[in-house]
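Read the structure below first, then the notes.
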Amino acid sequence: MFKRLTFLLLVGFVTQAYAAEFSVKAKTVPAQRIIALAPHIVESLFDIGAGGQIVATVDYADYPKQALDIPRVGGYYGLQIEKILQLNPDLVLVWRNGNKAEDIAKLENLGLTLAFSDPDNIDGVASELRLFGALTGHEQQAEKLALEYTQELSRLRQTYQHQTPISVFYQLWSEPLMSVNKNTWIHQLIQTCGATNVFADNSTDYPQLSMENIIVAKPQLIIMPQENSEKPQPVIDWQQWSVIPAVKHNQFMKVDADLIHRFSRRMLTGLEDMCQKIERSRQTLVRQ
């Protein structure tokens with residue numbers, strides 16, 4: 001479903017250093033009643049051992065499976081402020097660029113303790129794990145996972161980032177036809193795999209495109225994210241446009257959107273899969 005995909009990917013690129021992108025009121029004890037207002041926040045809390053401290057979350061927080069039992073207090077359309085107050089949280093973890101600004105302002109004005117998540121940089125997942133560890137009393141596990149994440153990301157970069165470039169069109173959605181520019185999380189993943197995003201310089205983060213735009217861009221590979229949804233992307237009959245190099249050479253690949261579109265450690269699994277598939281396409285094109 002496109003709204004779900006938008007909710008997972010709504011990212012705002014900011015100019016200040018990543019460490020300055022978090023804000024939290026001073027706390028003397030670890031939070032025990034947490035409302036987590038994004039799927040990636042829920043994943044990371046469970047990852048560090050703090051999943052049992054979550055008392056509410058939002059739509060599409062579906063991993064791990066235990067998250068499905070957590071009460072919901074809203075989604076991309078907005079938050080149920082009264083329900084949040086009734087739950088009496090001692091900490092609300094907010095996705096600054098995924099939750100509505102007016103809802104965040106209401107929570108602040110009501111005096112709730114907030115911490116902000118802004119993982120627009122793939123390296124920042126490690127910083128976020130450490131932040132959540134400090135807030136929940138799980139510093140040791142958080143530090144362990146943060147180091148593992150950083151090491152694995154470095155390994156992937158060393159393996160793929162300096163390979164012969166291959167130009168890709170990332171088909172974020174098909175109706176309307178959409179992609180990503182250089183300001184996005186997905187663009188960073190594409191770069192990590194040693195590929196070139198053909199719409200990197202578009203003025204819009206998530207541009208809507210025509211088929212003529214794709215023909216002019218001449219991508220060598222078309223990447224199609226797939227998500228676990230009852231309403232998958234409408235299928236495009238790409239064979240009508242054999243003038244596009246990727247179509248001419250049958251270079252298409254699918255990636256798991258539920259992995260690579262989430263700002264969590266699981267992204268690395270999806271990233272490695274994408275890099276391996278890009279490498280196979282690279283080798284195929286070299287032989288042609």
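Here's how to read the names in the structure tokens: chain A, B, ... by the order shown, residue numbers from 1 in each chain, ligand numbers from 1 in the order shown.
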
Spatial neighbours of Ile260 (chain A), 8 Å, only C-alpha atoms, chain gap at least 4 places, as an mmCIF file with all heavy atoms, in the first residue's frame:
data_model
loop_
_atom_site.group_PDB
_atom_site.id
_atom_site.type_symbol
_atom_site.label_atom_id
_atom_site.label_comp_id
_atom_site.auth_asym_id
_atom_site.auth_seq_id
_atom_site.Cartn_x
_atom_site.Cartn_y
_atom_site.Cartn_z
ATOM 1 N N ILE A 186 17.372 5.793 0.920
ATOM 2 C CA ILE A 186 17.542 4.784 -0.123
ATOM 3 C C ILE A 186 18.723 5.126 -1.028
ATOM 4 O O ILE A 186 19.472 4.234 -1.449
ATOM 5 C CB ILE A 186 16.254 4.635 -0.950
ATOM 6 C CG1 ILE A 186 15.142 4.065 -0.062
ATOM 7 C CG2 ILE A 186 16.470 3.720 -2.150
ATOM 8 C CD1 ILE A 186 13.781 4.108 -0.706
ATOM 9 N N VAL A 255 13.809 -6.200 -4.170
ATOM 10 C CA VAL A 255 14.409 -6.113 -2.840
ATOM 11 C C VAL A 255 13.283 -6.073 -1.815
ATOM 12 O O VAL A 255 12.138 -5.742 -2.133
ATOM 13 C CB VAL A 255 15.314 -4.868 -2.691
ATOM 14 C CG1 VAL A 255 16.533 -4.981 -3.585
ATOM 15 C CG2 VAL A 255 14.539 -3.583 -2.991
ATOM 16 N N ASP A 256 13.613 -6.410 -0.585
ATOM 17 C CA ASP A 256 12.638 -6.479 0.497
ATOM 18 C C ASP A 256 12.472 -5.101 1.132
ATOM 19 O O ASP A 256 13.313 -4.654 1.913
ATOM 20 C CB ASP A 256 13.101 -7.506 1.543
ATOM 21 C CG ASP A 256 12.048 -7.796 2.597
ATOM 22 O OD1 ASP A 256 11.144 -6.962 2.802
ATOM 23 O OD2 ASP A 256 12.123 -8.873 3.213
ATOM 24 N N ARG A 266 18.079 -4.359 11.070
ATOM 25 C CA ARG A 266 17.673 -5.333 10.046
ATOM 26 C C ARG A 266 17.910 -4.810 8.637
ATOM 27 O O ARG A 266 17.976 -5.588 7.685
ATOM 28 C CB ARG A 266 16.187 -5.672 10.188
ATOM 29 C CG ARG A 266 15.876 -6.700 11.230
ATOM 30 C CD ARG A 266 14.515 -7.329 10.970
ATOM 31 N NE ARG A 266 13.479 -6.342 10.728
ATOM 32 C CZ ARG A 266 12.411 -6.565 9.964
ATOM 33 N NH1 ARG A 266 12.247 -7.727 9.357
ATOM 34 N NH2 ARG A 266 11.495 -5.626 9.804
ATOM 35 N N MET A 267 18.032 -3.510 8.491
ATOM 36 C CA MET A 267 18.303 -2.941 7.175
ATOM 37 C C MET A 267 19.539 -3.552 6.549
ATOM 38 O O MET A 267 19.610 -3.735 5.322
ATOM 39 C CB MET A 267 18.466 -1.419 7.290
ATOM 40 C CG MET A 267 18.836 -0.716 5.995
ATOM 41 S SD MET A 267 20.628 -0.734 5.638
ATOM 42 C CE MET A 267 21.272 0.287 6.946
ATOM 43 N N LEU A 268 20.529 -3.917 7.364
ATOM 44 C CA LEU A 268 21.771 -4.464 6.822
ATOM 45 C C LEU A 268 21.543 -5.761 6.073
ATOM 46 O O LEU A 268 22.222 -6.046 5.086
ATOM 47 C CB LEU A 268 22.787 -4.679 7.943
ATOM 48 C CG LEU A 268 23.342 -3.415 8.612
ATOM 49 C CD1 LEU A 268 24.269 -3.801 9.758
ATOM 50 C CD2 LEU A 268 24.063 -2.527 7.604
ATOM 51 N N THR A 269 20.579 -6.556 6.520
ATOM 52 C CA THR A 269 20.255 -7.796 5.815
ATOM 53 C C THR A 269 19.718 -7.488 4.427
ATOM 54 O O THR A 269 20.124 -8.103 3.431
ATOM 55 C CB THR A 269 19.217 -8.612 6.610
ATOM 56 O OG1 THR A 269 19.746 -8.912 7.905
ATOM 57 C CG2 THR A 269 18.867 -9.901 5.884
ATOM 58 N N GLY A 270 18.808 -6.534 4.356
ATOM 59 C CA GLY A 270 18.277 -6.129 3.066
ATOM 60 C C GLY A 270 19.309 -5.458 2.187
ATOM 61 O O GLY A 270 19.331 -5.649 0.965
ATOM 62 N N LEU A 271 20.197 -4.680 2.807
ATOM 63 C CA LEU A 271 21.243 -3.992 2.052
ATOM 64 C C LEU A 271 22.214 -4.988 1.432
ATOM 65 O O LEU A 271 22.593 -4.854 0.257
ATOM 66 C CB LEU A 271 21.989 -3.025 2.969
ATOM 67 C CG LEU A 271 23.178 -2.286 2.356
ATOM 68 C CD1 LEU A 271 22.752 -1.457 1.147
ATOM 69 C CD2 LEU A 271 23.862 -1.412 3.403
#

Run DSSP on the backbone and give me the residues of region 42-195 of chain A it puts in helix (DSSP H, G or I), as a PyMOL selection string. chain A and resi 42-47+51-53+65-69+81-86+101-109+124-136+139-160+185-192

Considering only strand (DSSP E) as DSSP defines it on the backbone, what residues of region 40-274 of chain A qualify? List them as number ranges by chain. A: 54-56, 74-75, 78-79, 91-95, 114-117, 166-170, 173-174, 177-178, 195-197, 221-226, 252-256

Any idea what's packed within 10 Å of Ala217 (chain A), counting only C-alpha atoms, ignoring anything in its chain fewer than 6 positions away? Could you give it as a PyMOL selection string? chain A and resi 167-169+197-199+211+244-245

May I have the residues within 12 Å of Lys248 (chain A) as a list in words, using only C-alpha atoms and disregarding those fewer than 4 positions away in the same chain? Ile215, Lys218, Pro219, Gln220, Leu221, Ile222, Trp238, Gln239, Gln240, Trp241, Ser242, Val243, Ile244, Phe252, Leu285 and Gln288 of chain A

Give me the residues near region 35-37 of chain A as a count of residues only, where near means some atom within 7 Å (using only C-alpha atoms) and where sequence neighbours in that chain fewer than 4 positions away do not count. 13

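CA of Phe46 (chain A) is positioned 11.6 Å from CA of Asp62 (chain A).
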
Residues within 8 Å of Ser264 (chain A), only C-alpha atoms, excluding chain neighbours under 4 positions, as an MDAnalysis selection string: chainID A and resid 40:41 43:44 125

Residues of the last selection are to be written out with all heavy atoms, as an mmCIF file, in the first residue's frame.
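Output (again-v9.cif):
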data_model
loop_
_atom_site.group_PDB
_atom_site.id
_atom_site.type_symbol
_atom_site.label_atom_id
_atom_site.label_comp_id
_atom_site.auth_asym_id
_atom_site.auth_seq_id
_atom_site.Cartn_x
_atom_site.Cartn_y
_atom_site.Cartn_z
ATOM 1 N N HIS A 40 10.359 1.619 13.239
ATOM 2 C CA HIS A 40 11.793 1.378 13.433
ATOM 3 C C HIS A 40 12.192 1.548 14.891
ATOM 4 O O HIS A 40 13.125 0.891 15.369
ATOM 5 C CB HIS A 40 12.630 2.292 12.522
ATOM 6 C CG HIS A 40 12.647 3.726 12.934
ATOM 7 N ND1 HIS A 40 11.736 4.648 12.491
ATOM 8 C CD2 HIS A 40 13.483 4.411 13.760
ATOM 9 C CE1 HIS A 40 11.991 5.833 13.008
ATOM 10 N NE2 HIS A 40 13.057 5.714 13.789
ATOM 11 N N ILE A 41 11.503 2.428 15.612
ATOM 12 C CA ILE A 41 11.796 2.611 17.033
ATOM 13 C C ILE A 41 11.441 1.344 17.805
ATOM 14 O O ILE A 41 12.200 0.889 18.665
ATOM 15 C CB ILE A 41 11.033 3.831 17.588
ATOM 16 C CG1 ILE A 41 11.529 5.123 16.920
ATOM 17 C CG2 ILE A 41 11.205 3.926 19.101
ATOM 18 C CD1 ILE A 41 10.739 6.368 17.312
ATOM 19 N N GLU A 43 11.343 -1.719 16.629
ATOM 20 C CA GLU A 43 12.337 -2.747 16.295
ATOM 21 C C GLU A 43 13.596 -2.580 17.127
ATOM 22 O O GLU A 43 14.145 -3.548 17.672
ATOM 23 C CB GLU A 43 12.692 -2.671 14.816
ATOM 24 C CG GLU A 43 11.634 -3.247 13.903
ATOM 25 C CD GLU A 43 12.177 -3.500 12.503
ATOM 26 O OE1 GLU A 43 13.396 -3.736 12.372
ATOM 27 O OE2 GLU A 43 11.380 -3.472 11.553
ATOM 28 N N SER A 44 14.083 -1.346 17.201
ATOM 29 C CA SER A 44 15.339 -1.107 17.909
ATOM 30 C C SER A 44 15.195 -1.340 19.404
ATOM 31 O O SER A 44 16.121 -1.834 20.061
ATOM 32 C CB SER A 44 15.839 0.314 17.625
ATOM 33 O OG SER A 44 16.236 0.445 16.276
ATOM 34 N N VAL A 125 22.058 4.861 12.658
ATOM 35 C CA VAL A 125 21.365 3.788 13.370
ATOM 36 C C VAL A 125 22.135 3.402 14.628
ATOM 37 O O VAL A 125 21.543 3.130 15.682
ATOM 38 C CB VAL A 125 21.146 2.569 12.451
ATOM 39 C CG1 VAL A 125 20.633 1.380 13.253
ATOM 40 C CG2 VAL A 125 20.180 2.916 11.325
#

Which one of A:Leu45, A:Val73, A:Leu147, A:Ala38 sits closest to Ser117 (chain A) if you count only C-alpha atoms?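 Answer, going by the shortest atom-to-atom distance: A:Ala38.
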
Could you tell me how far CA of Asp90 (chain A) sits from CA of Gly137 (chain A), in Å to one decimal place?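 Taking CA of Gly137 (chain A) and CA of Asp90 (chain A), their separation equals 13.5 Å.
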
Neighbours of Asp123 (chain A) within 12 Å (only C-alpha atoms; same-chain residues fewer than 3 positions away dropped), as a PDB file with N, CA, C and O atoms, in the first residue's frame?
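This went into selection_29.pdb:
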ATOM      1  N   ALA A  17      24.722  18.380  12.684  1.00  0.00           N
ATOM      2  CA  ALA A  17      25.363  17.095  12.932  1.00  0.00           C
ATOM      3  C   ALA A  17      24.362  16.119  13.527  1.00  0.00           C
ATOM      4  O   ALA A  17      23.425  16.507  14.219  1.00  0.00           O
ATOM      5  N   TYR A  18      24.596  14.830  13.248  1.00  0.00           N
ATOM      6  CA  TYR A  18      23.628  13.818  13.678  1.00  0.00           C
ATOM      7  C   TYR A  18      23.416  13.837  15.184  1.00  0.00           C
ATOM      8  O   TYR A  18      22.294  13.695  15.663  1.00  0.00           O
ATOM      9  N   ALA A  19      24.475  14.059  15.934  1.00  0.00           N
ATOM     10  CA  ALA A  19      24.339  14.049  17.386  1.00  0.00           C
ATOM     11  C   ALA A  19      23.395  15.130  17.875  1.00  0.00           C
ATOM     12  O   ALA A  19      22.780  15.006  18.931  1.00  0.00           O
ATOM     13  N   ASP A 118      15.710  10.839  14.484  1.00  0.00           N
ATOM     14  CA  ASP A 118      15.853  11.392  13.133  1.00  0.00           C
ATOM     15  C   ASP A 118      16.897  10.600  12.357  1.00  0.00           C
ATOM     16  O   ASP A 118      17.954  11.121  12.005  1.00  0.00           O
ATOM     17  N   PRO A 119      16.656   9.349  12.068  1.00  0.00           N
ATOM     18  CA  PRO A 119      17.695   8.517  11.440  1.00  0.00           C
ATOM     19  C   PRO A 119      17.759   8.693   9.925  1.00  0.00           C
ATOM     20  O   PRO A 119      17.441   7.791   9.160  1.00  0.00           O
ATOM     21  N   ASP A 120      18.161   9.882   9.460  1.00  0.00           N
ATOM     22  CA  ASP A 120      18.226  10.116   8.026  1.00  0.00           C
ATOM     23  C   ASP A 120      19.571   9.706   7.429  1.00  0.00           C
ATOM     24  O   ASP A 120      19.759   9.757   6.222  1.00  0.00           O
ATOM     25  N   ALA A 126      23.448   3.396  14.542  1.00  0.00           N
ATOM     26  CA  ALA A 126      24.263   3.049  15.712  1.00  0.00           C
ATOM     27  C   ALA A 126      24.072   4.077  16.830  1.00  0.00           C
ATOM     28  O   ALA A 126      23.942   3.721  18.006  1.00  0.00           O
ATOM     29  N   SER A 127      24.042   5.358  16.459  1.00  0.00           N
ATOM     30  CA  SER A 127      23.831   6.409  17.459  1.00  0.00           C
ATOM     31  C   SER A 127      22.462   6.270  18.102  1.00  0.00           C
ATOM     32  O   SER A 127      22.290   6.497  19.301  1.00  0.00           O
ATOM     33  N   GLU A 128      21.489   5.902  17.300  1.00  0.00           N
ATOM     34  CA  GLU A 128      20.135   5.745  17.821  1.00  0.00           C
ATOM     35  C   GLU A 128      20.061   4.574  18.800  1.00  0.00           C
ATOM     36  O   GLU A 128      19.401   4.668  19.839  1.00  0.00           O
ATOM     37  N   LEU A 129      20.717   3.463  18.485  1.00  0.00           N
ATOM     38  CA  LEU A 129      20.740   2.340  19.417  1.00  0.00           C
ATOM     39  C   LEU A 129      21.325   2.761  20.766  1.00  0.00           C
ATOM     40  O   LEU A 129      20.800   2.405  21.823  1.00  0.00           O
ATOM     41  N   ALA A 146      25.412  -1.647  18.490  1.00  0.00           N
ATOM     42  CA  ALA A 146      25.867  -0.473  17.725  1.00  0.00           C
ATOM     43  C   ALA A 146      27.227  -0.748  17.086  1.00  0.00           C
ATOM     44  O   ALA A 146      27.463  -0.403  15.916  1.00  0.00           O
ATOM     45  N   LEU A 147      28.137  -1.359  17.834  1.00  0.00           N
ATOM     46  CA  LEU A 147      29.453  -1.689  17.293  1.00  0.00           C
ATOM     47  C   LEU A 147      29.334  -2.717  16.162  1.00  0.00           C
ATOM     48  O   LEU A 147      29.998  -2.584  15.121  1.00  0.00           O
ATOM     49  N   GLU A 148      28.490  -3.728  16.358  1.00  0.00           N
ATOM     50  CA  GLU A 148      28.297  -4.737  15.314  1.00  0.00           C
ATOM     51  C   GLU A 148      27.719  -4.102  14.052  1.00  0.00           C
ATOM     52  O   GLU A 148      28.134  -4.437  12.933  1.00  0.00           O
ATOM     53  N   TYR A 149      26.781  -3.192  14.234  1.00  0.00           N
ATOM     54  CA  TYR A 149      26.162  -2.518  13.091  1.00  0.00           C
ATOM     55  C   TYR A 149      27.212  -1.721  12.309  1.00  0.00           C
ATOM     56  O   TYR A 149      27.310  -1.813  11.080  1.00  0.00           O
ATOM     57  N   THR A 150      28.006  -0.946  13.030  1.00  0.00           N
ATOM     58  CA  THR A 150      29.028  -0.112  12.389  1.00  0.00           C
ATOM     59  C   THR A 150      30.045  -0.965  11.634  1.00  0.00           C
ATOM     60  O   THR A 150      30.453  -0.644  10.516  1.00  0.00           O
ATOM     61  N   GLN A 151      30.457  -2.061  12.238  1.00  0.00           N
ATOM     62  CA  GLN A 151      31.434  -2.943  11.591  1.00  0.00           C
ATOM     63  C   GLN A 151      30.866  -3.585  10.327  1.00  0.00           C
ATOM     64  O   GLN A 151      31.543  -3.682   9.306  1.00  0.00           O
ATOM     65  N   GLU A 152      29.615  -4.028  10.386  1.00  0.00           N
ATOM     66  CA  GLU A 152      28.998  -4.672   9.225  1.00  0.00           C
ATOM     67  C   GLU A 152      28.772  -3.673   8.097  1.00  0.00           C
ATOM     68  O   GLU A 152      28.993  -3.995   6.923  1.00  0.00           O
ATOM     69  N   LEU A 153      28.345  -2.464   8.433  1.00  0.00           N
ATOM     70  CA  LEU A 153      28.164  -1.440   7.408  1.00  0.00           C
ATOM     71  C   LEU A 153      29.494  -1.101   6.749  1.00  0.00           C
ATOM     72  O   LEU A 153      29.577  -0.940   5.524  1.00  0.00           O
ATOM     73  N   SER A 154      30.542  -1.019   7.539  1.00  0.00           N
ATOM     74  CA  SER A 154      31.874  -0.757   6.994  1.00  0.00           C
ATOM     75  C   SER A 154      32.311  -1.879   6.055  1.00  0.00           C
ATOM     76  O   SER A 154      32.895  -1.631   4.990  1.00  0.00           O
ATOM     77  N   ARG A 157      30.524  -1.537   2.738  1.00  0.00           N
ATOM     78  CA  ARG A 157      31.094  -0.437   1.955  1.00  0.00           C
ATOM     79  C   ARG A 157      32.418  -0.847   1.318  1.00  0.00           C
ATOM     80  O   ARG A 157      32.661  -0.572   0.143  1.00  0.00           O
ATOM     81  N   TRP A 185      17.427   8.244   2.339  1.00  0.00           N
ATOM     82  CA  TRP A 185      18.028   7.036   2.916  1.00  0.00           C
ATOM     83  C   TRP A 185      18.336   6.012   1.833  1.00  0.00           C
ATOM     84  O   TRP A 185      19.417   5.427   1.795  1.00  0.00           O
ATOM     85  N   GLN A 188      21.452   6.523  -0.185  1.00  0.00           N
ATOM     86  CA  GLN A 188      22.666   6.114   0.519  1.00  0.00           C
ATOM     87  C   GLN A 188      22.906   4.612   0.386  1.00  0.00           C
ATOM     88  O   GLN A 188      24.047   4.160   0.263  1.00  0.00           O
ATOM     89  N   LEU A 189      21.828   3.843   0.413  1.00  0.00           N
ATOM     90  CA  LEU A 189      21.962   2.401   0.253  1.00  0.00           C
ATOM     91  C   LEU A 189      22.458   2.057  -1.147  1.00  0.00           C
ATOM     92  O   LEU A 189      23.322   1.190  -1.320  1.00  0.00           O
ATOM     93  N   THR A 192      26.092   2.744  -1.341  1.00  0.00           N
ATOM     94  CA  THR A 192      26.861   1.738  -0.619  1.00  0.00           C
ATOM     95  C   THR A 192      27.128   0.522  -1.488  1.00  0.00           C
ATOM     96  O   THR A 192      28.193  -0.109  -1.392  1.00  0.00           O
ATOM     97  N   PHE A 263      14.563   2.065   9.407  1.00  0.00           N
ATOM     98  CA  PHE A 263      15.779   2.625   9.982  1.00  0.00           C
ATOM     99  C   PHE A 263      16.222   1.801  11.190  1.00  0.00           C
ATOM    100  O   PHE A 263      16.262   2.297  12.321  1.00  0.00           O
ATOM    101  N   SER A 264      16.560   0.542  10.956  1.00  0.00           N
ATOM    102  CA  SER A 264      16.923  -0.352  12.047  1.00  0.00           C
ATOM    103  C   SER A 264      18.083  -1.250  11.615  1.00  0.00           C
ATOM    104  O   SER A 264      18.511  -1.231  10.464  1.00  0.00           O
ATOM    105  N   ARG A 265      18.556  -2.071  12.549  1.00  0.00           N
ATOM    106  CA  ARG A 265      19.681  -2.959  12.240  1.00  0.00           C
ATOM    107  C   ARG A 265      19.339  -3.968  11.160  1.00  0.00           C
ATOM    108  O   ARG A 265      20.206  -4.399  10.411  1.00  0.00           O
ATOM    109  N   MET A 267      18.032  -3.510   8.491  1.00  0.00           N
ATOM    110  CA  MET A 267      18.303  -2.941   7.175  1.00  0.00           C
ATOM    111  C   MET A 267      19.539  -3.552   6.549  1.00  0.00           C
ATOM    112  O   MET A 267      19.610  -3.735   5.322  1.00  0.00           O
ATOM    113  N   LEU A 268      20.529  -3.917   7.364  1.00  0.00           N
ATOM    114  CA  LEU A 268      21.771  -4.464   6.822  1.00  0.00           C
ATOM    115  C   LEU A 268      21.543  -5.761   6.073  1.00  0.00           C
ATOM    116  O   LEU A 268      22.222  -6.046   5.086  1.00  0.00           O
TER     117      LEU A 268
END

Rounded to one decimal in Å, what is the spacing between CA of Glu272 (chain A) and CA of Trp173 (chain A)? 21.7 Å
